[in-house]
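Quick notes on the structure that follows.
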Amino acid sequence: MNSQQQNEKEEKDKRKQQHDNDVLFIKESVVRKLLNWNDCVDAMESALVAMSSASSSLSSTSSSSSSQVANRDEPFSYQTPRTFTMAGNDGVLLTMPGYAANYTLSMVTGNNEKHSTLACKLVTSFAKNSQLNPPLPTILATILLFNSSTGKLKAIVDGTDITAWRTASVSLVATKYLHRPQQNSILAIVGTGTQGRIHALAMLNYFPNAFTRINLWNRTKARADCLRDELNELFPEVEIVVVDTSVECVIDADCIVTATNSPLPLFELKDLKEDVHINAIGAGINHHSELPMEIYQFADVFIESNVGIQTELKGIAEFINGEIGEIIVGRKHLDDASGKRRTVFQSMGNAIEDGIMANLIYQKFIEL
Ligand SMILES: NC(=O)C1=CN([C@@H]2O[C@H](COP(=O)(O)OP(=O)(O)OC[C@H]3O[C@@H](n4cnc5c(N)ncnc54)[C@H](OP(=O)(O)O)[C@@H]3O)[C@@H](O)[C@H]2O)C=CC1
Ligand SMILES: O=C([O-])C1=[NH+]CCC1
């Protein structure tokens with residue numbers, strides 16, 4: 001190491017020491033600059049694996065087993081079902097604490113260094129925010145990130161974009177493992193709010209050349225028109241079509257994203273192709289109101305984590321085939337015998353994803 005490199009290293013160590021003493025605030029505009037699809041997908045794949053390790057299922061059900069797993073080398077995680085505090089008729093505050101350990105971020109860091117993270121996301125959902133002037137996002141989030149060895153708060157990270165990007169990135173991982181889009185595919189985005197928009201961007205960026213057409217549907221058509229204009233600018237080679245009904249949106253689609261607050265199903269089983277993958281993101285009354293029960297019944301259904309299903313996915317628990325992480329680590333396989341297959345990724349969102357994302361943003365921030 002020459003003297004210039006030595007100085008740079010000392011400078012960096014000093015800055016790190018300073019960061020260890022301070023509580024950092026990482027604001028939205030900074031978080032946004034540090035997000036990119038490959039890193040987020042890598043991080044979310046690690047999160048899904050950490051949630052599905054054998055140790056994680058033990059640790060999420062009993063406190064004594066969590067001490068048994070503490071010395072293991074494999075990735076594992078611990079989280080409890082999130083809490084919901086109603087705030088009047090239109091709002092709710094969710095608390096989402098989680099701990100993940102021994103996970104790697106090889107695509108981001110280029111090595112197999114192990115990481116751990118302890119975090120709690122506080123997230124609100126206020127249905128009428130889009131009607132404000134100027135409008136606010138419906139979902140607003142903040143992530144408290146702790147030193148996972150001492151418990152000392154190390155950063156407060158704006159979590160609104162993280163929530164959007166991590167949800168779409170988890171859908172990308174689910175789509176990759178359950179479906180893998182082929183060339184000349186058609187994508188349907190049902191609901192073009194924050195999640196619908198970020199999913200469209202994610203799918204087009206991460207699976208380049210797969211989708212030749214995107215069908216967009218939104219209850220308020222102007223919002224779908226806006227997204228069409230944005231996508232036309234960014235992806236002139238893709239045909240973007242705004243349609244009048246949610247059924248029209250999905251009827252010829254190979255891959256579907258539903259991202260609405262609809263309390264009622266948006267289409268039926270008979271409206272779908274035989275070989276189709278659905279990422280079901282939105283929550284109406286609960287996290288499975290956008291699809292009719294018969295779709296869950298006649299599809300392979302995968303989720304992120306078994307934690308919280310008894311409260312949030314109760315109505316479909318009997319149809320769930322497993323966690324995405326179980327497919328990633330090879331503990332479960334899709335039955336390929338039929339040739340044609342309907343798959344559903346029922347998304348819920350959870351704390352481990354947010355903790356791993358917040359820690360990734362923190363690492364990138366202190367290395368700027
Ligand atoms: N799985 C996960 O990890 C996450 C899930 N979510 C869920 O995703 C959904 C979308 O969130 P987000 O995009 O942030 O919210 P937005 O408010 O940005 O978008 C809401 C969308 O739902 C549509 N919508 C609302 N009510 C109905 C209805 N009755 N019928 C049809 N469409 C309806 C809206 O249409 P319009 O424009 O006409 O109002 C809009 O397209 C929510 O349910 C949210 O809870 C959010 C974050 C993470
Ligand atoms: O995981 C999440 O952050 C949320 N899921 C539904 C509303 C917010």
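Scheme for the structure tokens: letters A, B, ... for chains in order shown; per-chain residue numbers from 1; ligand numbers from 1 in order shown.
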Check your understanding: Which residues form the shell of 9 Å around ligand 1 when you count only C-alpha atoms and all ligand atoms, given as an MDAnalysis selection string?
Key -> chainID A and resid 125:131 137:140 163:164 166:168 170 190:198 217:224 246 258:266 280:287 290 346:350
Could you write out the selected residues, including C-alpha atoms, as a PDB file, in the first residue's frame?
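Output below, filename selection_34.pdb:
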ATOM      1  CA  SER A 125     -51.099   3.414   4.497  1.00  0.00           C
ATOM      2  CA  PHE A 126     -53.506   6.328   4.077  1.00  0.00           C
ATOM      3  CA  ALA A 127     -55.965   5.612   1.274  1.00  0.00           C
ATOM      4  CA  LYS A 128     -56.889   9.247   0.557  1.00  0.00           C
ATOM      5  CA  ASN A 129     -53.361  10.635   0.162  1.00  0.00           C
ATOM      6  CA  SER A 130     -53.592  10.524  -3.630  1.00  0.00           C
ATOM      7  CA  GLN A 131     -56.488  13.016  -3.501  1.00  0.00           C
ATOM      8  CA  PRO A 137     -47.973   8.450  -1.753  1.00  0.00           C
ATOM      9  CA  THR A 138     -50.507   6.138  -0.072  1.00  0.00           C
ATOM     10  CA  ILE A 139     -47.711   4.110   1.517  1.00  0.00           C
ATOM     11  CA  LEU A 140     -45.063   6.073   3.481  1.00  0.00           C
ATOM     12  CA  THR A 163     -40.822  -0.396  -0.030  1.00  0.00           C
ATOM     13  CA  ALA A 164     -41.632   0.112  -3.709  1.00  0.00           C
ATOM     14  CA  ARG A 166     -38.056  -4.207  -2.649  1.00  0.00           C
ATOM     15  CA  THR A 167     -41.630  -5.303  -3.401  1.00  0.00           C
ATOM     16  CA  ALA A 168     -40.990  -5.195  -7.143  1.00  0.00           C
ATOM     17  CA  VAL A 170     -39.162  -9.755  -4.728  1.00  0.00           C
ATOM     18  CA  VAL A 190     -53.658  -4.265 -13.313  1.00  0.00           C
ATOM     19  CA  GLY A 191     -53.563  -1.061 -11.256  1.00  0.00           C
ATOM     20  CA  THR A 192     -51.066   1.645 -12.164  1.00  0.00           C
ATOM     21  CA  GLY A 193     -50.460   3.315  -8.798  1.00  0.00           C
ATOM     22  CA  THR A 194     -47.027   3.319  -7.142  1.00  0.00           C
ATOM     23  CA  GLN A 195     -46.678  -0.475  -7.132  1.00  0.00           C
ATOM     24  CA  GLY A 196     -48.075  -0.980 -10.638  1.00  0.00           C
ATOM     25  CA  ARG A 197     -45.678   1.625 -12.027  1.00  0.00           C
ATOM     26  CA  ILE A 198     -42.568   0.291 -10.265  1.00  0.00           C
ATOM     27  CA  TRP A 217     -55.479  -1.018 -16.754  1.00  0.00           C
ATOM     28  CA  ASN A 218     -56.362   1.392 -13.967  1.00  0.00           C
ATOM     29  CA  ARG A 219     -59.700   2.300 -12.373  1.00  0.00           C
ATOM     30  CA  THR A 220     -58.911   5.954 -13.088  1.00  0.00           C
ATOM     31  CA  LYS A 221     -57.829   5.792 -16.717  1.00  0.00           C
ATOM     32  CA  ALA A 222     -55.792   9.027 -16.677  1.00  0.00           C
ATOM     33  CA  ARG A 223     -53.273   7.379 -14.373  1.00  0.00           C
ATOM     34  CA  ALA A 224     -52.771   4.492 -16.823  1.00  0.00           C
ATOM     35  CA  SER A 246     -59.249  -5.496 -16.024  1.00  0.00           C
ATOM     36  CA  THR A 258     -52.159  -6.989  -9.716  1.00  0.00           C
ATOM     37  CA  ALA A 259     -51.478  -3.950  -7.528  1.00  0.00           C
ATOM     38  CA  THR A 260     -54.735  -2.405  -6.370  1.00  0.00           C
ATOM     39  CA  ASN A 261     -56.776  -1.901  -3.212  1.00  0.00           C
ATOM     40  CA  SER A 262     -59.689  -3.744  -4.787  1.00  0.00           C
ATOM     41  CA  PRO A 263     -61.730  -5.643  -2.200  1.00  0.00           C
ATOM     42  CA  LEU A 264     -63.213  -7.800  -5.004  1.00  0.00           C
ATOM     43  CA  PRO A 265     -61.625 -10.089  -7.611  1.00  0.00           C
ATOM     44  CA  LEU A 266     -60.543  -8.250 -10.744  1.00  0.00           C
ATOM     45  CA  ALA A 280     -50.533 -10.555  -6.621  1.00  0.00           C
ATOM     46  CA  ILE A 281     -49.331  -7.500  -4.711  1.00  0.00           C
ATOM     47  CA  GLY A 282     -52.318  -5.485  -3.543  1.00  0.00           C
ATOM     48  CA  ALA A 283     -54.470  -5.733  -0.482  1.00  0.00           C
ATOM     49  CA  GLY A 284     -58.145  -4.908  -0.365  1.00  0.00           C
ATOM     50  CA  ILE A 285     -59.713  -6.159   2.832  1.00  0.00           C
ATOM     51  CA  ASN A 286     -56.754  -8.506   3.100  1.00  0.00           C
ATOM     52  CA  HIS A 287     -53.836  -9.712   1.005  1.00  0.00           C
ATOM     53  CA  GLU A 290     -57.724  -9.242  -5.909  1.00  0.00           C
ATOM     54  CA  GLN A 346     -48.899 -13.992  -3.348  1.00  0.00           C
ATOM     55  CA  SER A 347     -46.881 -11.056  -2.054  1.00  0.00           C
ATOM     56  CA  MET A 348     -47.337  -9.621   1.422  1.00  0.00           C
ATOM     57  CA  GLY A 349     -44.128  -7.732   2.096  1.00  0.00           C
ATOM     58  CA  ASN A 350     -42.108  -8.337   5.210  1.00  0.00           C
TER      59      ASN A 350
END
Practice item. From a DSSP pass on the backbone, collect the residues of region 28-237 of chain A flagged as strand (DSSP E) and hand them back as a PyMOL selection string. Key: chain A and resi 76-79+83-87+91-104+114-126+139-146+153-158+185-190+211-217
Practice item. Can you pull out every residue within 9 Å of Glu268 (chain A), counting only C-alpha atoms, but drop anything in the same chain fewer than 2 positions away, and send it as a list in words? Key: Val247, Pro265, Leu266, Lys270, Asp271, Leu272, Leu291, Pro292, Glu294 and Ile295 of chain A
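With only C-alpha atoms and all ligand atoms as the atoms that count, the residue of A:Val49, A:Leu93, A:Leu132, A:Ala174 with the shortest distance to ligand 2 is A:Leu93.
Separating CA of Gly98 (chain A) from CA of Phe345 (chain A) is a distance of 21.7 Å.
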